[in-house]
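Chemist: Structure incoming, see below.
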Amino acid sequence: MPTYRAPDAIAAEVLDGEAIVIDLVSGAYFSFSGWSSWVWESLASGVDRDALAGSFEPTHGFDEFVDAVVAAGLLVPRGDLAPVPPPPRPDGPMSRLDYDRFDDMADMIQLDPVHDVSRETGWPRPVDG
Amino acid sequence: VTVDPRQVLGELQASWDMCRGTPVATTIVVGGLVLRLEGHGSILARLLPALSHHPVVPDGTPPDLTVKIWDLTMTGQRPIVPGELFQLQGDDDLGSAETGEIRFRYDWPQRVIQAWDASTRTAWWVAEQPDTIEWWEEAAPLRPVLAWWLTAHGRYLAHGAALAIDGRAVLLVGPGGSGKSTTALRAQRAGIDFLGDDYCLVGPAETAMAPAARVESGGYHVGSLYRTVKLRPVDGPAFETQLARNEHGRKIVLSIDGERGGRLLCGADLCGVAAVEIGSGATTHFEPGQAGRVLRALAPTTFEQLPGVGGRSLRAFGTMLRSLPTGVLRLGDDPDGVVAAVRDRIEAWSAVGA
């Protein structure tokens with residue numbers, strides 16, 4: 001009976017069935033729509049994963065979706081924290097669960113050519129320059 | 001981080017102090033806050049035009065932020081800035097509860113180091129060479145530094161265009177290529193007042209950026225940041241006869257002067273937010289509601305280029321979009337119809353908030 005919560009190091013806003021989630025440590029941000037947003041928000045509220053899985057067909061990819069969200073650090077084990085009221089169930093047909101991930105900023109930082117500078121001549125001269 | 005960030009700020013200040021000659025300076029009001037810009041060398045003069053519509057205040061006015069701008073050809077001292085300071089990502093800052101926020105960023109395409117120290121109300125912006133400054137920096141200068149500082153004061157940079165009639169504005173949001181800039185320029189040329197195209201400031205009306213007479217009205221305010229419009233070259237020819245500045249590489253940058261079309265405003269009441277999308281038909285349509293879609297059109301594209309402000313801005317955007325009318329504007333092929341739709345939206349949402 002795994003239950004989850006949103007980690008402290010994220011900020012999230014859910015509006016009108018759309019969720020925007022930012023990982024405040026990595027700078028990556030994520031967006032969820034429709035049923036995917038509902039699943040993430042329900043799990044973050046403490047709804048039991050196994051119970052929620054019963055709402056979906058195998059073609060919706062529930063387990064793959066939740067595993068990916070957990071791996072991305074957007075859900076962590078809930079521990080003893082009490083559940084909070086889950087969001088209302090959305091209308092409309094179900095489709096395969098998915099989310100968008102944006103890493104533009106992280107990419108920029110990885111491309112950052114400043115790694116170290118010469119102690120003698122200072123930035124922007126590199127250590128070996 | 002193993003280095004003391006304050007020691008590095010001292011390195012930057014020492015480099016600034018070793019610049020040759022007397023710095024030039026100007027002091028302006030942005031979002032109701034006093035911003036002093038000091039420069040050695042040629043760079044400051046290239047950054048000022050995009051900010052030149054903000055009111056100038058006399059030298060000696062206590063600034064809320066001083067930004068020192070120079071390049072390494074102007075100084076006898078190169079600052080030593082360890083690269084580990086730039087490995088921090090997301091919203092983490094290098095300060096503490098006692099020392100206040102400290103931020104660093106290295107802008108690698110331009111080879112510019114930017115740093116901000118909240119406690120001393122000072123930012124440093126130093127380039128390796130003056131000729132590495134890109135056209136987009138001139139169109140929207142100092143964006144990370146301004147974002148850190150303004151966000152800390154409750155003014156949030158929003159990637160969007162703001163247009164107003166009678167002091168009431170609509171914010172048009174969406175990613176690059178969604179049609180914001182073309183819509184904003186068409187509307188401005190048709191007589192609708194202009195606040196910004198690329199990044200605008202939004203915040204609760206009780207922040208000081210609102211005119212005093214409107215503080216009691218509650219709601220939200222939108223402020224101008226830059227007076228420029230960035231157009232794709234393919235869209236530029238439609239406005240070619242009206243170019244105030246010419247082509248800069250990949251985009252055409254126009255400076256709004258208020259002499260043709262609507263006025264250039266520094267602030268207005270914000271009465272609604274619309275996501276802009278390229279439609280598939282001839283006619284422009286508006287669909288009300290869809291606040292989540294509007295958030296999705298606003299937040300990622302805003303945070304994409306603004307390190308370190310995502311968490312606070314996201315919460316502010318969520319609160320704002322829960323309290324303002326929202327909708328999606330699907331742009332048609334007819335330019336007059338686009339302008340009419342913007343005018344209709346401002347007037348309809350103004351009536352809601354009146």
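Residue numbering restarts at 1 for every chain of the structure tokens, chains are lettered A, B, ... in their displayed order, and ligands are numbered from 1 as they appear.
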Could you pull the residues within 7 Å of stretch 155-172 of chain B, counting only C-alpha atoms, minus those fewer than 5 positions along the same chain, as a short mmCIF file (atom, residue, chain, number, x, y, z; two decimals) with N, CA, C and O atoms, in the first residue's frame?
Modeler:
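Listing of result-v9.cif after writing:
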```
data_model
loop_
_atom_site.label_atom_id
_atom_site.label_comp_id
_atom_site.auth_asym_id
_atom_site.auth_seq_id
_atom_site.Cartn_x
_atom_site.Cartn_y
_atom_site.Cartn_z
N ALA B 147 15.24 40.22 -12.35
CA ALA B 147 14.28 39.22 -11.88
C ALA B 147 14.54 38.88 -10.41
O ALA B 147 13.59 38.80 -9.62
N LEU B 150 13.51 42.18 -8.35
CA LEU B 150 12.09 42.54 -8.38
C LEU B 150 11.23 41.45 -7.74
O LEU B 150 10.26 41.74 -7.04
N LYS B 180 2.33 36.65 -29.76
CA LYS B 180 2.21 37.76 -28.80
C LYS B 180 2.74 39.07 -29.37
O LYS B 180 2.08 40.10 -29.29
N SER B 181 3.95 39.00 -29.92
CA SER B 181 4.61 40.23 -30.33
C SER B 181 3.88 40.89 -31.49
O SER B 181 3.67 42.11 -31.51
N ALA B 184 0.76 42.38 -30.17
CA ALA B 184 1.01 43.57 -29.38
C ALA B 184 1.33 44.77 -30.27
O ALA B 184 0.83 45.88 -30.05
N ILE B 192 -3.96 51.25 -29.23
CA ILE B 192 -4.05 50.69 -27.88
C ILE B 192 -2.71 50.93 -27.16
O ILE B 192 -1.64 50.75 -27.75
N ASP B 193 -2.79 51.33 -25.89
CA ASP B 193 -1.57 51.64 -25.15
C ASP B 193 -0.75 50.38 -24.89
O ASP B 193 -1.30 49.29 -24.71
N PHE B 194 0.57 50.56 -24.84
CA PHE B 194 1.53 49.45 -24.79
C PHE B 194 2.34 49.52 -23.50
O PHE B 194 2.79 50.58 -23.10
N LEU B 195 2.48 48.37 -22.85
CA LEU B 195 3.35 48.32 -21.66
C LEU B 195 4.56 47.43 -21.87
O LEU B 195 5.60 47.65 -21.24
N GLY B 196 4.44 46.41 -22.70
CA GLY B 196 5.58 45.54 -22.91
C GLY B 196 5.22 44.41 -23.82
O GLY B 196 4.05 44.08 -24.01
N ASP B 197 6.27 43.81 -24.37
CA ASP B 197 6.06 42.71 -25.30
C ASP B 197 6.70 41.44 -24.79
O ASP B 197 6.12 40.36 -24.84
N ASP B 198 7.89 41.54 -24.24
CA ASP B 198 8.67 40.35 -23.92
C ASP B 198 8.47 39.95 -22.47
O ASP B 198 7.99 38.86 -22.17
N TYR B 199 8.85 40.82 -21.58
CA TYR B 199 8.64 40.59 -20.15
C TYR B 199 7.96 41.80 -19.54
O TYR B 199 8.36 42.93 -19.79
N CYS B 200 6.93 41.54 -18.75
CA CYS B 200 6.26 42.59 -18.00
C CYS B 200 6.33 42.23 -16.52
O CYS B 200 6.62 41.09 -16.15
N LEU B 201 6.05 43.21 -15.67
CA LEU B 201 5.99 42.97 -14.23
C LEU B 201 4.55 42.82 -13.82
O LEU B 201 3.70 43.63 -14.22
N VAL B 202 4.24 41.80 -13.02
CA VAL B 202 2.89 41.69 -12.46
C VAL B 202 3.01 41.55 -10.95
O VAL B 202 4.00 41.02 -10.43
N GLY B 203 2.00 42.03 -10.27
CA GLY B 203 2.01 41.92 -8.81
C GLY B 203 0.74 42.48 -8.24
O GLY B 203 -0.04 43.14 -8.94
N ALA B 268 -0.37 49.89 -15.30
CA ALA B 268 -1.82 49.90 -15.49
C ALA B 268 -2.43 48.83 -14.58
O ALA B 268 -1.74 47.92 -14.12
N ASP B 269 -3.72 48.97 -14.34
CA ASP B 269 -4.44 47.91 -13.63
C ASP B 269 -4.54 46.70 -14.55
O ASP B 269 -4.85 46.83 -15.74
N LEU B 270 -4.31 45.52 -13.99
CA LEU B 270 -4.40 44.29 -14.79
C LEU B 270 -5.80 43.71 -14.61
O LEU B 270 -6.20 43.39 -13.49
N CYS B 271 -6.54 43.59 -15.71
CA CYS B 271 -7.92 43.12 -15.57
C CYS B 271 -8.14 41.72 -16.13
O CYS B 271 -9.23 41.16 -15.96
N GLY B 272 -7.14 41.10 -16.73
CA GLY B 272 -7.32 39.72 -17.18
C GLY B 272 -6.07 39.23 -17.90
O GLY B 272 -5.22 40.01 -18.31
N VAL B 273 -5.98 37.90 -18.03
CA VAL B 273 -4.81 37.27 -18.67
C VAL B 273 -5.31 36.28 -19.72
O VAL B 273 -6.17 35.44 -19.43
N ALA B 274 -4.79 36.41 -20.93
CA ALA B 274 -5.19 35.51 -22.01
C ALA B 274 -3.98 34.79 -22.58
O ALA B 274 -2.94 35.40 -22.83
N ALA B 275 -4.12 33.49 -22.81
CA ALA B 275 -3.11 32.74 -23.55
C ALA B 275 -3.35 32.97 -25.04
O ALA B 275 -4.49 32.94 -25.50
N VAL B 276 -2.29 33.22 -25.77
CA VAL B 276 -2.40 33.49 -27.21
C VAL B 276 -1.93 32.26 -27.97
O VAL B 276 -0.89 31.68 -27.66
N LEU B 298 1.94 30.48 -19.44
CA LEU B 298 2.72 31.55 -18.81
C LEU B 298 3.96 31.04 -18.10
O LEU B 298 5.06 31.59 -18.26
N THR B 301 7.44 29.10 -19.99
CA THR B 301 8.18 30.01 -20.87
C THR B 301 8.79 31.17 -20.07
O THR B 301 9.82 31.71 -20.44
N THR B 302 8.15 31.52 -18.96
CA THR B 302 8.72 32.57 -18.12
C THR B 302 9.96 32.08 -17.39
O THR B 302 11.00 32.75 -17.35
N SER B 313 7.57 32.77 -8.14
CA SER B 313 6.75 33.27 -9.25
C SER B 313 5.59 32.34 -9.53
O SER B 313 4.47 32.80 -9.80
N ILE B 346 -10.11 43.70 -23.48
CA ILE B 346 -9.81 44.71 -22.46
C ILE B 346 -11.10 45.33 -21.97
O ILE B 346 -11.33 45.49 -20.75
N SER B 350 -12.48 44.86 -18.30
CA SER B 350 -12.54 46.09 -17.50
C SER B 350 -13.91 46.23 -16.86
O SER B 350 -14.04 46.66 -15.71
#
```
Chemist: Give me the residues within 10 Å of B:Thr284 as an mmCIF file with N, CA and C atoms, in the first residue's frame, counting only C-alpha atoms and dropping any in the same chain fewer than 3 places off.
Modeler:
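Output saved as around31.cif:
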```
data_model
loop_
_atom_site.group_PDB
_atom_site.id
_atom_site.type_symbol
_atom_site.label_atom_id
_atom_site.label_comp_id
_atom_site.auth_asym_id
_atom_site.auth_seq_id
_atom_site.Cartn_x
_atom_site.Cartn_y
_atom_site.Cartn_z
ATOM 1 N N GLU B 277 -2.727 31.860 -28.955
ATOM 2 C CA GLU B 277 -2.352 30.724 -29.800
ATOM 3 C C GLU B 277 -2.647 31.083 -31.251
ATOM 4 N N ILE B 278 -1.850 30.542 -32.148
ATOM 5 C CA ILE B 278 -2.132 30.717 -33.566
ATOM 6 C C ILE B 278 -3.310 29.816 -33.925
ATOM 7 N N GLY B 279 -4.398 30.406 -34.390
ATOM 8 C CA GLY B 279 -5.573 29.625 -34.755
ATOM 9 C C GLY B 279 -5.451 29.065 -36.160
ATOM 10 N N SER B 280 -6.453 28.329 -36.567
ATOM 11 C CA SER B 280 -6.401 27.689 -37.881
ATOM 12 C C SER B 280 -7.321 28.353 -38.894
ATOM 13 N N GLY B 281 -8.065 29.360 -38.466
ATOM 14 C CA GLY B 281 -9.026 29.969 -39.385
ATOM 15 C C GLY B 281 -8.754 31.436 -39.622
ATOM 16 N N LEU B 329 -7.031 33.167 -26.507
ATOM 17 C CA LEU B 329 -7.279 33.950 -27.712
ATOM 18 C C LEU B 329 -6.646 33.215 -28.883
ATOM 19 N N ARG B 330 -7.488 32.685 -29.776
ATOM 20 C CA ARG B 330 -6.971 31.979 -30.955
ATOM 21 C C ARG B 330 -6.960 32.965 -32.112
ATOM 22 N N LEU B 331 -5.751 33.261 -32.566
ATOM 23 C CA LEU B 331 -5.581 34.335 -33.535
ATOM 24 C C LEU B 331 -5.945 33.880 -34.937
ATOM 25 N N GLY B 332 -6.701 34.708 -35.623
ATOM 26 C CA GLY B 332 -7.031 34.445 -37.014
ATOM 27 C C GLY B 332 -6.101 35.188 -37.955
ATOM 28 N N ASP B 333 -6.370 35.060 -39.244
ATOM 29 C CA ASP B 333 -5.494 35.657 -40.255
ATOM 30 C C ASP B 333 -5.731 37.154 -40.427
ATOM 31 N N ASP B 334 -6.875 37.627 -39.982
ATOM 32 C CA ASP B 334 -7.266 39.005 -40.247
ATOM 33 C C ASP B 334 -6.661 39.937 -39.191
ATOM 34 N N PRO B 335 -5.704 40.801 -39.567
ATOM 35 C CA PRO B 335 -5.068 41.681 -38.566
ATOM 36 C C PRO B 335 -6.073 42.568 -37.841
ATOM 37 N N ASP B 336 -7.052 43.086 -38.559
ATOM 38 C CA ASP B 336 -8.031 43.954 -37.916
ATOM 39 C C ASP B 336 -8.843 43.180 -36.876
ATOM 40 N N GLY B 337 -9.105 41.917 -37.203
ATOM 41 C CA GLY B 337 -9.858 41.089 -36.269
ATOM 42 C C GLY B 337 -9.074 40.816 -34.987
ATOM 43 N N VAL B 338 -7.753 40.673 -35.132
ATOM 44 C CA VAL B 338 -6.912 40.453 -33.955
ATOM 45 C C VAL B 338 -6.966 41.674 -33.043
ATOM 46 N N VAL B 339 -6.811 42.848 -33.641
ATOM 47 C CA VAL B 339 -6.847 44.078 -32.846
ATOM 48 C C VAL B 339 -8.220 44.248 -32.190
ATOM 49 N N ALA B 340 -9.272 43.966 -32.941
ATOM 50 C CA ALA B 340 -10.620 44.089 -32.373
ATOM 51 C C ALA B 340 -10.820 43.130 -31.208
ATOM 52 N N ALA B 341 -10.255 41.939 -31.329
ATOM 53 C CA ALA B 341 -10.398 40.959 -30.243
ATOM 54 C C ALA B 341 -9.671 41.425 -28.986
ATOM 55 N N VAL B 342 -8.495 42.026 -29.155
ATOM 56 C CA VAL B 342 -7.766 42.549 -27.997
ATOM 57 C C VAL B 342 -8.561 43.676 -27.348
#
```
Chemist: Show me, as an MDAnalysis selection string, the residues that have an atom within 7 Å of A:Phe102 when counting only C-alpha atoms, minus same-chain residues fewer than 6 positions from it.
Modeler: chainID A and resid 28:30
Chemist: Can you write out the residues you just picked, keeping all heavy atoms, as a tab-separated table (two decimals), in the first residue's frame?
Modeler:
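File produced: result15.tsv:
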```
chain	number	residue	atom	x	y	z
A	28	ALA	N	14.44	22.07	-12.94
A	28	ALA	CA	13.60	21.46	-13.96
A	28	ALA	C	12.13	21.70	-13.62
A	28	ALA	O	11.75	21.79	-12.45
A	28	ALA	CB	13.87	19.96	-14.05
A	29	TYR	N	11.30	21.81	-14.64
A	29	TYR	CA	9.87	21.95	-14.38
A	29	TYR	C	9.09	20.98	-15.22
A	29	TYR	O	9.56	20.49	-16.25
A	29	TYR	CB	9.39	23.39	-14.54
A	29	TYR	CG	9.80	24.05	-15.82
A	29	TYR	CD1	9.03	23.97	-16.96
A	29	TYR	CD2	10.97	24.79	-15.86
A	29	TYR	CE1	9.43	24.58	-18.12
A	29	TYR	CE2	11.38	25.41	-17.03
A	29	TYR	CZ	10.59	25.30	-18.15
A	29	TYR	OH	10.99	25.90	-19.30
A	30	PHE	N	7.89	20.69	-14.76
A	30	PHE	CA	7.08	19.62	-15.30
A	30	PHE	C	5.66	20.14	-15.47
A	30	PHE	O	5.21	20.98	-14.69
A	30	PHE	CB	7.06	18.42	-14.35
A	30	PHE	CG	8.42	17.91	-13.96
A	30	PHE	CD1	9.18	18.57	-13.00
A	30	PHE	CD2	8.96	16.78	-14.56
A	30	PHE	CE1	10.45	18.12	-12.63
A	30	PHE	CE2	10.21	16.31	-14.21
A	30	PHE	CZ	10.96	16.98	-13.25
```
Chemist: Give me the residues within 7 Å of B:Asp93 as a list in words, counting only C-alpha atoms and dropping any in the same chain fewer than 2 places off.
Modeler: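 Near neighbours after the sequence-gap exclusion: Asp91, Gly95, Glu101, Ile102 and Arg103 of chain B.
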Chemist: Output the selection as a PDB file, in the first residue's frame - N, CA, C and O atoms for each residue.
Modeler:
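Here's the written file selection.pdb:
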```
ATOM      1  N   ASP B  91      16.127  27.166  -7.308  1.00  0.00           N
ATOM      2  CA  ASP B  91      15.882  28.344  -6.491  1.00  0.00           C
ATOM      3  C   ASP B  91      16.878  28.506  -5.345  1.00  0.00           C
ATOM      4  O   ASP B  91      16.713  29.374  -4.504  1.00  0.00           O
ATOM      5  N   GLY B  95      23.002  32.772   0.056  1.00  0.00           N
ATOM      6  CA  GLY B  95      22.966  33.580   1.268  1.00  0.00           C
ATOM      7  C   GLY B  95      22.454  32.790   2.455  1.00  0.00           C
ATOM      8  O   GLY B  95      22.377  31.567   2.445  1.00  0.00           O
ATOM      9  N   GLU B 101      19.780  37.144   0.569  1.00  0.00           N
ATOM     10  CA  GLU B 101      20.004  36.380  -0.659  1.00  0.00           C
ATOM     11  C   GLU B 101      21.255  36.840  -1.391  1.00  0.00           C
ATOM     12  O   GLU B 101      21.530  38.039  -1.479  1.00  0.00           O
ATOM     13  N   ILE B 102      21.971  35.877  -1.953  1.00  0.00           N
ATOM     14  CA  ILE B 102      23.089  36.151  -2.847  1.00  0.00           C
ATOM     15  C   ILE B 102      22.923  35.234  -4.057  1.00  0.00           C
ATOM     16  O   ILE B 102      22.692  34.035  -3.898  1.00  0.00           O
ATOM     17  N   ARG B 103      23.030  35.798  -5.233  1.00  0.00           N
ATOM     18  CA  ARG B 103      22.867  34.999  -6.456  1.00  0.00           C
ATOM     19  C   ARG B 103      24.026  35.256  -7.410  1.00  0.00           C
ATOM     20  O   ARG B 103      24.518  36.386  -7.509  1.00  0.00           O
TER      21      ARG B 103
END
```
Chemist: With a cut-off of 8 Å and counting only C-alpha atoms, select all residues of chain B in contact with chain A and give the selection as a ChimeraX atom specification.
Modeler: /B:78-84,86-87,89-92,106-108,128,290-293,295-296,299-300,304-305,307-308,310-311,314-315,318,322
Chemist: Store the residues of this selection in a file with N, CA and C atoms, as an mmCIF file, in the first residue's frame.
Modeler:
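After the write, selection.cif holds the following:
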```cif
data_model
loop_
_atom_site.group_PDB
_atom_site.id
_atom_site.type_symbol
_atom_site.label_atom_id
_atom_site.label_comp_id
_atom_site.auth_asym_id
_atom_site.auth_seq_id
_atom_site.Cartn_x
_atom_site.Cartn_y
_atom_site.Cartn_z
ATOM 1 N N ARG B 78 41.300 41.632 -12.574
ATOM 2 C CA ARG B 78 40.360 40.584 -12.963
ATOM 3 C C ARG B 78 39.807 39.925 -11.705
ATOM 4 N N PRO B 79 38.504 39.828 -11.579
ATOM 5 C CA PRO B 79 37.954 39.153 -10.403
ATOM 6 C C PRO B 79 38.152 37.645 -10.514
ATOM 7 N N ILE B 80 38.446 37.028 -9.392
ATOM 8 C CA ILE B 80 38.556 35.569 -9.350
ATOM 9 C C ILE B 80 37.207 35.015 -8.900
ATOM 10 N N VAL B 81 36.550 34.306 -9.805
ATOM 11 C CA VAL B 81 35.200 33.812 -9.544
ATOM 12 C C VAL B 81 35.191 32.310 -9.778
ATOM 13 N N PRO B 82 35.274 31.502 -8.726
ATOM 14 C CA PRO B 82 35.292 30.050 -8.911
ATOM 15 C C PRO B 82 34.018 29.556 -9.584
ATOM 16 N N GLY B 83 34.211 28.589 -10.479
ATOM 17 C CA GLY B 83 33.074 28.090 -11.239
ATOM 18 C C GLY B 83 32.031 27.396 -10.399
ATOM 19 N N GLU B 84 32.387 26.904 -9.200
ATOM 20 C CA GLU B 84 31.402 26.181 -8.408
ATOM 21 C C GLU B 84 30.225 27.071 -8.007
ATOM 22 N N PHE B 86 28.516 28.696 -9.874
ATOM 23 C CA PHE B 86 27.502 28.635 -10.926
ATOM 24 C C PHE B 86 26.885 27.251 -11.045
ATOM 25 N N GLN B 87 27.320 26.329 -10.200
ATOM 26 C CA GLN B 87 26.760 24.985 -10.278
ATOM 27 C C GLN B 87 25.418 24.892 -9.576
ATOM 28 N N GLN B 89 21.656 25.265 -8.966
ATOM 29 C CA GLN B 89 20.556 25.340 -9.921
ATOM 30 C C GLN B 89 19.283 25.710 -9.170
ATOM 31 N N GLY B 90 18.206 25.777 -9.904
ATOM 32 C CA GLY B 90 16.911 25.991 -9.266
ATOM 33 C C GLY B 90 16.854 27.262 -8.443
ATOM 34 N N ASP B 91 16.127 27.166 -7.308
ATOM 35 C CA ASP B 91 15.882 28.344 -6.491
ATOM 36 C C ASP B 91 16.878 28.506 -5.345
ATOM 37 N N ASP B 92 17.887 27.639 -5.282
ATOM 38 C CA ASP B 92 18.852 27.759 -4.192
ATOM 39 C C ASP B 92 19.638 29.058 -4.313
ATOM 40 N N TYR B 106 26.410 32.801 -14.583
ATOM 41 C CA TYR B 106 27.323 33.029 -15.698
ATOM 42 C C TYR B 106 26.537 32.880 -16.982
ATOM 43 N N ASP B 107 26.518 33.899 -17.782
ATOM 44 C CA ASP B 107 25.825 33.899 -19.067
ATOM 45 C C ASP B 107 26.876 33.540 -20.116
ATOM 46 N N TRP B 108 26.906 32.251 -20.446
ATOM 47 C CA TRP B 108 28.042 31.805 -21.259
ATOM 48 C C TRP B 108 28.042 32.326 -22.686
ATOM 49 N N GLU B 128 33.406 39.897 -20.256
ATOM 50 C CA GLU B 128 34.804 39.704 -20.597
ATOM 51 C C GLU B 128 35.249 40.763 -21.616
ATOM 52 N N GLN B 290 -10.391 28.432 -18.585
ATOM 53 C CA GLN B 290 -9.167 27.677 -18.878
ATOM 54 C C GLN B 290 -7.945 28.251 -18.156
ATOM 55 N N ALA B 291 -8.118 28.535 -16.877
ATOM 56 C CA ALA B 291 -7.018 29.142 -16.113
ATOM 57 C C ALA B 291 -5.781 28.246 -16.103
ATOM 58 N N GLY B 292 -5.998 26.930 -16.062
ATOM 59 C CA GLY B 292 -4.850 26.028 -16.060
ATOM 60 C C GLY B 292 -4.064 26.114 -17.347
ATOM 61 N N ARG B 293 -4.774 26.234 -18.433
ATOM 62 C CA ARG B 293 -4.093 26.360 -19.718
ATOM 63 C C ARG B 293 -3.308 27.670 -19.795
ATOM 64 N N LEU B 295 -2.028 29.208 -17.200
ATOM 65 C CA LEU B 295 -0.837 29.017 -16.358
ATOM 66 C C LEU B 295 0.239 28.259 -17.123
ATOM 67 N N ARG B 296 -0.201 27.253 -17.876
ATOM 68 C CA ARG B 296 0.757 26.459 -18.635
ATOM 69 C C ARG B 296 1.393 27.298 -19.749
ATOM 70 N N ALA B 299 3.805 29.983 -17.292
ATOM 71 C CA ALA B 299 4.873 29.641 -16.348
ATOM 72 C C ALA B 299 6.129 29.061 -17.006
ATOM 73 N N PRO B 300 6.037 27.981 -17.776
ATOM 74 C CA PRO B 300 7.300 27.408 -18.286
ATOM 75 C C PRO B 300 8.104 28.381 -19.130
ATOM 76 N N GLU B 304 11.897 29.656 -18.111
ATOM 77 C CA GLU B 304 12.924 29.127 -18.986
ATOM 78 C C GLU B 304 14.194 29.970 -18.937
ATOM 79 N N GLN B 305 14.036 31.251 -18.854
ATOM 80 C CA GLN B 305 15.202 32.143 -18.923
ATOM 81 C C GLN B 305 15.422 32.943 -17.648
ATOM 82 N N PRO B 307 16.570 32.121 -13.999
ATOM 83 C CA PRO B 307 16.985 31.192 -12.961
ATOM 84 C C PRO B 307 16.695 31.736 -11.574
ATOM 85 N N GLY B 308 16.235 30.854 -10.715
ATOM 86 C CA GLY B 308 16.180 31.209 -9.298
ATOM 87 C C GLY B 308 14.929 31.906 -8.822
ATOM 88 N N GLY B 310 11.668 30.661 -9.895
ATOM 89 C CA GLY B 310 10.535 29.853 -10.318
ATOM 90 C C GLY B 310 9.512 29.584 -9.228
ATOM 91 N N GLY B 311 9.990 29.199 -8.042
ATOM 92 C CA GLY B 311 9.063 28.827 -6.985
ATOM 93 C C GLY B 311 8.162 29.970 -6.565
ATOM 94 N N LEU B 314 5.824 31.029 -9.448
ATOM 95 C CA LEU B 314 4.749 30.080 -9.727
ATOM 96 C C LEU B 314 3.609 30.258 -8.739
ATOM 97 N N ARG B 315 3.941 30.395 -7.474
ATOM 98 C CA ARG B 315 2.895 30.605 -6.476
ATOM 99 C C ARG B 315 2.148 31.910 -6.742
ATOM 100 N N GLY B 318 -0.149 31.484 -9.755
ATOM 101 C CA GLY B 318 -1.328 30.698 -9.419
ATOM 102 C C GLY B 318 -2.367 31.532 -8.690
ATOM 103 N N ARG B 322 -6.138 32.747 -10.217
ATOM 104 C CA ARG B 322 -7.378 32.358 -9.536
ATOM 105 C C ARG B 322 -8.286 33.562 -9.290
#
```
Chemist: Can you write out as a tab-separated table which residues of stretch 70-137 of chain B fall within 12 Å of stretch 9-14 of chain B, alongside each residue's closest atom pair and its distance in Å to one decimal, counting only C-alpha atoms and ordering rows by chain and ascending residue number?
Modeler:
```
residue	atom	partner	partner_atom	distance
B:Trp70	CA	B:Leu12	CA	10.4
B:Asp71	CA	B:Leu12	CA	11.1
B:Leu72	CA	B:Leu12	CA	10.8
B:Thr75	CA	B:Ala14	CA	9.4
B:Gly76	CA	B:Ala14	CA	9.6
B:Gln77	CA	B:Ala14	CA	7.2
B:Arg78	CA	B:Glu11	CA	8.1
B:Pro79	CA	B:Glu11	CA	4.9
B:Ile80	CA	B:Glu11	CA	6.3
B:Val81	CA	B:Glu11	CA	7.7
B:Pro82	CA	B:Glu11	CA	10.9
B:Leu85	CA	B:Leu9	CA	11.2
B:Leu94	CA	B:Leu9	CA	11.5
B:Gly95	CA	B:Leu9	CA	11.8
B:Ile102	CA	B:Leu9	CA	9.2
B:Arg103	CA	B:Leu9	CA	10.1
B:Phe104	CA	B:Leu9	CA	9.5
B:Ile113	CA	B:Leu12	CA	9.4
B:Gln114	CA	B:Leu12	CA	9.7
B:Ala115	CA	B:Leu9	CA	7.6
B:Trp116	CA	B:Leu9	CA	8.6
B:Asp117	CA	B:Leu9	CA	8.1
B:Ala118	CA	B:Leu9	CA	11.8
B:Ser119	CA	B:Leu9	CA	11.9
B:Thr120	CA	B:Leu9	CA	10.6
B:Thr122	CA	B:Leu9	CA	9.8
B:Ala123	CA	B:Leu9	CA	9.2
B:Trp124	CA	B:Leu12	CA	6.9
B:Trp125	CA	B:Leu12	CA	8.9
B:Val126	CA	B:Leu12	CA	8.2
B:Ala127	CA	B:Leu12	CA	11.4
```
Chemist: As number ranges by chain, which residues of stretch 98-248 of chain B does DSSP assign to strand (DSSP E)?
Modeler: B: 102-107, 112-117, 122-127, 156-165, 168-173, 193-196, 199-204, 220-224, 228-231, 247-248
Chemist: Please list as a list of chain:residue names every residue within 6 Å of stretch 49-52 of chain A, counting only C-alpha atoms and excluding residues in the same chain fewer than 2 positions away.
Modeler: A:Pro2, A:Gly54, A:Ser55
Chemist: Restricting the output to C-alpha atoms, write the selected residues as a PDB file, in the first residue's frame.
Modeler:
```pdb
ATOM      1  CA  PRO A   2       2.461   2.697  -1.052  1.00  0.00           C
ATOM      2  CA  GLY A  54      -7.747   0.135 -10.086  1.00  0.00           C
ATOM      3  CA  SER A  55      -9.223   3.145 -11.902  1.00  0.00           C
TER       4      SER A  55
END
```
Chemist: Determine which residues of stretch 5-108 of chain A DSSP labels as helix (DSSP H, G or I) from the backbone of this structure, then write them out as a PyMOL selection string.
Modeler: chain A and resi 34-45+49-53+58-60+62-71+104-108
Chemist: Do you have the atom CA of B:Val34-atom CA of B:Leu65 distance handy?
Modeler: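 Between atom CA of B:Val34 and atom CA of B:Leu65 the gap works out to 6.7 Å.
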